[in-house]
Amino acid sequence: MQIATWNVNSLSVRLPQVLDWLTQNPVDVLCLQELKLTEDKFPFAALQAAGYEAVALCQKTYNGVAILARSPLDAVVRNIPGFEDEQARVIAATVLSGAGPVRIINGYFVNGQAPGTDKFAYKLRWLAALHDWVRTELAAHPRLVVLGDFNVAPEDRDSYDPVGLADTIHHTREERAHFQALLGLGLTDAYRLFEQPEKSYSWWDYRMLGFQKNRGLRIDHILVSEALRATVTACVVDRAPRKNPQPSDHAPVVLTLG
DNA sequence: ATGACGGTGTGGCACCGA
């Protein structure tokens with residue numbers, strides 16, 4: 001079973017690339033972030049023609065998340081229960097697999113702009129609410145995957161310039177503590193279960209030849225619960241779509257379960 | 001210190017992302 005995450009930075013613009021990628025990478029589940037469209041514009045028909053059902057939480061212009069799957073999606077939850085939020089950032093669903101159901105929580109985590117801003121305070125509140133909700137989800141669904149654009153570089157090796165960017169957004173102690181708190185619930189960063197290339201990232205700035213110079217951050221993550229951990233056989237970043245014309249600034253991350 | 005690039009909206013630029 002393969003489960004992938006990809007921040008597409010506008011599904012309207014990137015739909016042809018998503019369909020092309022799915023043809024080359026027929027994963028069982030693809031989780032998308034930054035759809036930037038309303039539900040009436042969501043391409044349900046095109047995805048269904050490609051073999052995928054979809055559930056989405058949409059918002060005009062900003063945010064928006066979706067789960068695409070080859071098998072039926074069940075028990076859908078939109079946003080964090082009990083956390084008032086005007087922004088469309090989370091969708092959860094259960095997918096069936098041969099080995100049993102897998103619970104998926106797909107998040108477009110708050111960016112946070114800069115420490116000290118209202119947006120940063122919102123990011124920390126949002127992360128705290130997510131943590132509490134993930135604990136209850138994990139209790140109900142032992143086979144759990146939490147994935148998406150976390151907007152956190154968990155460690156110095158996840159940043160092209162950990163010294164120059166120390167204590168700036170994605171690199172702060174508070175954000176990293178929240179990431180560690182998620183791991184503390186019994187989740188594992190699947191990417192780090194394996195030897196990976198040095199300086200491997202999932203996002204590169206559009207400006208200043210960021211991708212060509214590999215000035216990036218690893219901020220897109222896939223966390224797996226204890227019950228799934230032993231079944232993980234691979235986790236990779238697929239840099240190929242970042243080389244497309246008109247690419248998203250993020251690359252997909254792909255998890256393989258044995 | 002700033003902006004660089006790209007997407008969206010009802011625009012002639014501003015806002016946002018990371």
# chains A, B, ... in the order shown; residues from 1 in each chain; ligands from 1

call {"tool": "select_by_dssp", "arguments": {"residues": "region 11-131 of chain A", "states": "strand (DSSP E)", "output": "count of residues only"}}
result
34

call {"tool": "interface_residues", "arguments": {"of": "chain B", "to": "chain A", "cutoff": "12 Å", "atoms": "only C-alpha atoms (C1' of nucleotides)", "output": "list in words"}}
result
DG3, DA4, DC5, DG6, DG7, DT8, DG9, DC15, DC16, DG17 and DA18 of chain B

call {"tool": "write_last_selection", "arguments": {"atoms": "N, CA and C atoms (P, O5', C5', C4', C3', O3' and C1' of nucleotides)", "output": "PDB file, in the first residue's frame"}}
result
ATOM      1  P    DG B   3      10.504  44.864  -0.019  1.00  0.00           P
ATOM      2  O5'  DG B   3      11.100  44.049  -1.258  1.00  0.00           O
ATOM      3  C5'  DG B   3      11.946  44.700  -2.207  1.00  0.00           C
ATOM      4  C4'  DG B   3      12.404  43.683  -3.224  1.00  0.00           C
ATOM      5  C3'  DG B   3      11.296  42.760  -3.734  1.00  0.00           C
ATOM      6  O3'  DG B   3      11.508  42.513  -5.107  1.00  0.00           O
ATOM      7  C1'  DG B   3      12.961  41.460  -2.671  1.00  0.00           C
ATOM      8  P    DA B   4      10.340  41.915  -5.984  1.00  0.00           P
ATOM      9  O5'  DA B   4      11.003  40.595  -6.570  1.00  0.00           O
ATOM     10  C5'  DA B   4      12.172  40.654  -7.365  1.00  0.00           C
ATOM     11  C4'  DA B   4      12.874  39.313  -7.312  1.00  0.00           C
ATOM     12  C3'  DA B   4      11.906  38.149  -7.423  1.00  0.00           C
ATOM     13  O3'  DA B   4      11.679  37.806  -8.806  1.00  0.00           O
ATOM     14  C1'  DA B   4      13.368  37.832  -5.556  1.00  0.00           C
ATOM     15  P    DC B   5      12.246  36.777  -9.695  1.00  0.00           P
ATOM     16  O5'  DC B   5      11.183  35.610  -9.446  1.00  0.00           O
ATOM     17  C5'  DC B   5      11.628  34.395  -8.910  1.00  0.00           C
ATOM     18  C4'  DC B   5      10.459  33.464  -8.654  1.00  0.00           C
ATOM     19  C3'  DC B   5       9.362  33.489  -9.703  1.00  0.00           C
ATOM     20  O3'  DC B   5       9.030  32.131  -9.965  1.00  0.00           O
ATOM     21  C1'  DC B   5       8.435  33.897  -7.570  1.00  0.00           C
ATOM     22  P    DG B   6       8.224  31.663 -11.222  1.00  0.00           P
ATOM     23  O5'  DG B   6       6.758  31.512 -10.619  1.00  0.00           O
ATOM     24  C5'  DG B   6       6.483  30.436  -9.756  1.00  0.00           C
ATOM     25  C4'  DG B   6       5.149  30.641  -9.098  1.00  0.00           C
ATOM     26  C3'  DG B   6       3.973  30.939 -10.035  1.00  0.00           C
ATOM     27  O3'  DG B   6       3.072  29.859  -9.919  1.00  0.00           O
ATOM     28  C1'  DG B   6       3.931  32.300  -8.086  1.00  0.00           C
ATOM     29  P    DG B   7       1.721  29.796 -10.759  1.00  0.00           P
ATOM     30  O5'  DG B   7       0.621  30.206  -9.685  1.00  0.00           O
ATOM     31  C5'  DG B   7       0.332  29.317  -8.610  1.00  0.00           C
ATOM     32  C4'  DG B   7      -0.786  29.895  -7.782  1.00  0.00           C
ATOM     33  C3'  DG B   7      -1.983  30.372  -8.605  1.00  0.00           C
ATOM     34  O3'  DG B   7      -3.168  29.756  -8.114  1.00  0.00           O
ATOM     35  C1'  DG B   7      -1.246  32.087  -7.132  1.00  0.00           C
ATOM     36  P    DT B   8      -4.581  30.073  -8.820  1.00  0.00           P
ATOM     37  O5'  DT B   8      -5.147  31.261  -7.946  1.00  0.00           O
ATOM     38  C5'  DT B   8      -5.374  31.051  -6.548  1.00  0.00           C
ATOM     39  C4'  DT B   8      -5.979  32.293  -5.950  1.00  0.00           C
ATOM     40  C3'  DT B   8      -7.176  32.849  -6.727  1.00  0.00           C
ATOM     41  O3'  DT B   8      -8.278  32.942  -5.862  1.00  0.00           O
ATOM     42  C1'  DT B   8      -5.581  34.560  -6.257  1.00  0.00           C
ATOM     43  P    DG B   9      -9.741  33.224  -6.496  1.00  0.00           P
ATOM     44  O5'  DG B   9      -9.921  34.791  -6.286  1.00  0.00           O
ATOM     45  C5'  DG B   9      -9.861  35.324  -4.976  1.00  0.00           C
ATOM     46  C4'  DG B   9      -9.837  36.839  -5.013  1.00  0.00           C
ATOM     47  C3'  DG B   9     -10.919  37.473  -5.893  1.00  0.00           C
ATOM     48  O3'  DG B   9     -11.441  38.610  -5.211  1.00  0.00           O
ATOM     49  C1'  DG B   9      -8.817  38.280  -6.544  1.00  0.00           C
ATOM     50  P    DC B  15      -1.831  44.962   1.636  1.00  0.00           P
ATOM     51  O5'  DC B  15      -2.054  43.388   1.593  1.00  0.00           O
ATOM     52  C5'  DC B  15      -3.377  42.882   1.449  1.00  0.00           C
ATOM     53  C4'  DC B  15      -3.329  41.381   1.340  1.00  0.00           C
ATOM     54  C3'  DC B  15      -2.394  40.720   2.354  1.00  0.00           C
ATOM     55  O3'  DC B  15      -3.097  39.735   3.065  1.00  0.00           O
ATOM     56  C1'  DC B  15      -1.979  39.904   0.163  1.00  0.00           C
ATOM     57  P    DC B  16      -2.449  39.077   4.403  1.00  0.00           P
ATOM     58  O5'  DC B  16      -1.863  37.692   3.886  1.00  0.00           O
ATOM     59  C5'  DC B  16      -2.748  36.734   3.304  1.00  0.00           C
ATOM     60  C4'  DC B  16      -1.914  35.685   2.643  1.00  0.00           C
ATOM     61  C3'  DC B  16      -0.783  35.137   3.504  1.00  0.00           C
ATOM     62  O3'  DC B  16      -1.118  33.834   3.935  1.00  0.00           O
ATOM     63  C1'  DC B  16      -0.125  35.475   1.222  1.00  0.00           C
ATOM     64  P    DG B  17      -0.206  33.039   4.992  1.00  0.00           P
ATOM     65  O5'  DG B  17       0.695  32.143   4.046  1.00  0.00           O
ATOM     66  C5'  DG B  17       0.077  31.275   3.115  1.00  0.00           C
ATOM     67  C4'  DG B  17       1.104  30.780   2.143  1.00  0.00           C
ATOM     68  C3'  DG B  17       2.325  30.134   2.777  1.00  0.00           C
ATOM     69  O3'  DG B  17       2.615  28.941   2.092  1.00  0.00           O
ATOM     70  C1'  DG B  17       3.007  31.747   1.247  1.00  0.00           C
ATOM     71  P    DA B  18       3.130  27.598   2.903  1.00  0.00           P
ATOM     72  O5'  DA B  18       4.699  27.852   2.957  1.00  0.00           O
ATOM     73  C5'  DA B  18       5.482  27.638   1.812  1.00  0.00           C
ATOM     74  C4'  DA B  18       6.910  27.999   2.084  1.00  0.00           C
ATOM     75  C3'  DA B  18       7.508  27.361   3.331  1.00  0.00           C
ATOM     76  O3'  DA B  18       8.832  26.952   3.063  1.00  0.00           O
ATOM     77  C1'  DA B  18       7.733  29.699   3.473  1.00  0.00           C
TER      78       DA B  18
END

call {"tool": "select_by_dssp", "arguments": {"residues": "region 3-251 of chain A", "states": "alpha helix (DSSP H)", "output": "PyMOL selection string"}}
result
chain A and resi 11-24+44-49+118-140+173-184+226-229

call {"tool": "residues_around", "arguments": {"residues": "Leu130 (chain A)", "least_positions_apart": "2", "cutoff": "10 Å", "atoms": "only C-alpha atoms (C1' of nucleotides)", "output": "PyMOL selection string"}}
result
chain A and resi 79-81+83+90+107+109+124-128+132-135+178+182

call {"tool": "write_last_selection", "arguments": {"atoms": "N, CA and C atoms", "output": "compact mmCIF listing (two decimals), in the first residue's frame"}}
result
# COMPACT_ATOMS: atom_id res chain seq x y z
N ASN A 79 -11.67 19.49 9.61
CA ASN A 79 -11.04 20.36 10.63
C ASN A 79 -10.99 19.67 12.00
N ILE A 80 -10.42 20.37 12.97
CA ILE A 80 -10.18 19.78 14.29
C ILE A 80 -11.43 19.94 15.15
N PRO A 81 -12.06 18.84 15.53
CA PRO A 81 -13.29 18.96 16.33
C PRO A 81 -13.06 19.79 17.60
N PHE A 83 -12.23 22.87 17.79
CA PHE A 83 -11.34 24.01 17.58
C PHE A 83 -11.94 24.91 16.50
N VAL A 90 -7.66 20.76 7.68
CA VAL A 90 -7.52 19.35 8.03
C VAL A 90 -8.69 18.54 7.48
N GLY A 107 -3.15 17.23 6.97
CA GLY A 107 -3.16 18.61 7.45
C GLY A 107 -2.33 19.56 6.61
N PHE A 109 -0.73 22.53 7.82
CA PHE A 109 -0.44 23.20 9.08
C PHE A 109 -0.23 24.69 8.84
N LEU A 124 0.64 28.21 17.00
CA LEU A 124 0.88 27.44 18.24
C LEU A 124 -0.43 26.93 18.83
N ARG A 125 -1.48 27.75 18.79
CA ARG A 125 -2.80 27.30 19.27
C ARG A 125 -3.29 26.12 18.43
N TRP A 126 -3.13 26.26 17.13
CA TRP A 126 -3.58 25.21 16.20
C TRP A 126 -2.82 23.91 16.45
N LEU A 127 -1.51 24.02 16.64
CA LEU A 127 -0.69 22.83 16.90
C LEU A 127 -1.10 22.15 18.21
N ALA A 128 -1.41 22.94 19.21
CA ALA A 128 -1.83 22.37 20.49
C ALA A 128 -3.16 21.63 20.35
N ASP A 132 -3.96 17.44 20.80
CA ASP A 132 -4.97 16.84 21.67
C ASP A 132 -5.92 15.96 20.87
N TRP A 133 -6.27 16.42 19.68
CA TRP A 133 -7.20 15.63 18.85
C TRP A 133 -6.54 14.36 18.32
N VAL A 134 -5.26 14.45 17.93
CA VAL A 134 -4.55 13.26 17.43
C VAL A 134 -4.49 12.19 18.52
N ARG A 135 -4.35 12.62 19.78
CA ARG A 135 -4.31 11.64 20.86
C ARG A 135 -5.61 10.82 20.89
N HIS A 178 6.44 21.28 19.34
CA HIS A 178 5.13 20.73 18.95
C HIS A 178 5.29 19.50 18.07
N LEU A 182 4.02 15.56 18.98
CA LEU A 182 3.28 14.60 18.16
C LEU A 182 3.98 13.25 18.18

call {"tool": "atom_distance", "arguments": {"atom1": "CA of Thr5 (chain A)", "atom2": "CA of Ala129 (chain A)"}}
result
21.6 Å

call {"tool": "closest_atom_pairs", "arguments": {"of": "region 98-183 of chain A", "to": "region 67-78 of chain A", "cutoff": "9 Å", "atoms": "only C-alpha atoms", "output": "tab-separated table"}}
result
residue	atom	partner	partner_atom	distance
A:Ile104	CA	A:Ile67	CA	8.5
A:Ile105	CA	A:Val77	CA	8.9
A:Asn106	CA	A:Ile67	CA	7.3

call {"tool": "write_last_selection", "arguments": {"atoms": "N, CA and C atoms", "output": "JSON list (two decimals), in the first residue's frame"}}
result
[["chain", "number", "residue", "atom", "x", "y", "z"],
["A", 104, "ILE", "N", -6.36, 8.13, 8.17],
["A", 104, "ILE", "CA", -5.50, 9.17, 7.59],
["A", 104, "ILE", "C", -5.91, 10.52, 8.15],
["A", 105, "ILE", "N", -4.97, 11.27, 8.67],
["A", 105, "ILE", "CA", -5.20, 12.68, 9.02],
["A", 105, "ILE", "C", -4.29, 13.52, 8.14],
["A", 106, "ASN", "N", -4.93, 14.31, 7.26],
["A", 106, "ASN", "CA", -4.20, 15.13, 6.29],
["A", 106, "ASN", "C", -4.30, 16.59, 6.70]]

call {"tool": "decode", "arguments": {"residues": "region 63-83 of chain A", "atoms": "N, CA and C atoms", "output": "CSV table (one decimal), in the first residue's frame"}}
result
chain,number,residue,atom,x,y,z
A,63,ASN,N,-5.7,27.9,1.4
A,63,ASN,CA,-5.8,26.6,2.2
A,63,ASN,C,-6.6,25.6,1.3
A,64,GLY,N,-7.3,24.7,2.0
A,64,GLY,CA,-8.0,23.6,1.3
A,64,GLY,C,-7.2,22.3,1.3
A,65,VAL,N,-7.9,21.2,1.7
A,65,VAL,CA,-7.2,19.9,1.7
A,65,VAL,C,-8.1,18.8,1.2
A,66,ALA,N,-7.5,17.7,0.7
A,66,ALA,CA,-8.3,16.6,0.1
A,66,ALA,C,-7.6,15.3,0.3
A,67,ILE,N,-8.4,14.2,0.4
A,67,ILE,CA,-7.9,12.9,0.4
A,67,ILE,C,-8.4,12.2,-0.9
A,68,LEU,N,-7.5,11.6,-1.7
A,68,LEU,CA,-7.9,10.9,-2.9
A,68,LEU,C,-7.6,9.4,-2.6
A,69,ALA,N,-8.5,8.5,-3.0
A,69,ALA,CA,-8.2,7.1,-2.7
A,69,ALA,C,-8.8,6.2,-3.7
A,70,ARG,N,-8.2,5.1,-4.0
A,70,ARG,CA,-8.7,4.1,-4.9
A,70,ARG,C,-9.8,3.3,-4.3
A,71,SER,N,-9.8,3.2,-3.0
A,71,SER,CA,-10.9,2.4,-2.3
A,71,SER,C,-11.8,3.4,-1.5
A,72,PRO,N,-12.9,3.0,-1.0
A,72,PRO,CA,-13.9,3.9,-0.4
A,72,PRO,C,-13.3,4.6,0.8
A,73,LEU,N,-13.7,5.8,1.0
A,73,LEU,CA,-13.3,6.6,2.2
A,73,LEU,C,-14.5,6.7,3.2
A,74,ASP,N,-14.1,6.5,4.4
A,74,ASP,CA,-15.2,6.4,5.5
A,74,ASP,C,-14.9,7.3,6.7
A,75,ALA,N,-15.9,7.6,7.5
A,75,ALA,CA,-15.7,8.3,8.7
A,75,ALA,C,-14.9,9.6,8.5
A,76,VAL,N,-15.4,10.4,7.6
A,76,VAL,CA,-14.7,11.7,7.3
A,76,VAL,C,-14.9,12.7,8.4
A,77,VAL,N,-13.8,13.4,8.8
A,77,VAL,CA,-13.9,14.5,9.7
A,77,VAL,C,-13.2,15.7,9.1
A,78,ARG,N,-13.9,16.8,9.2
A,78,ARG,CA,-13.3,18.1,8.6
A,78,ARG,C,-12.9,19.0,9.7
A,79,ASN,N,-11.7,19.5,9.6
A,79,ASN,CA,-11.0,20.4,10.6
A,79,ASN,C,-11.0,19.7,12.0
A,80,ILE,N,-10.4,20.4,13.0
A,80,ILE,CA,-10.2,19.8,14.3
A,80,ILE,C,-11.4,19.9,15.1
A,81,PRO,N,-12.1,18.8,15.5
A,81,PRO,CA,-13.3,19.0,16.3
A,81,PRO,C,-13.1,19.8,17.6
A,82,GLY,N,-13.9,20.7,17.8
A,82,GLY,CA,-13.8,21.6,19.0
A,82,GLY,C,-12.9,22.8,18.9
A,83,PHE,N,-12.2,22.9,17.8
A,83,PHE,CA,-11.3,24.0,17.6
A,83,PHE,C,-11.9,24.9,16.5
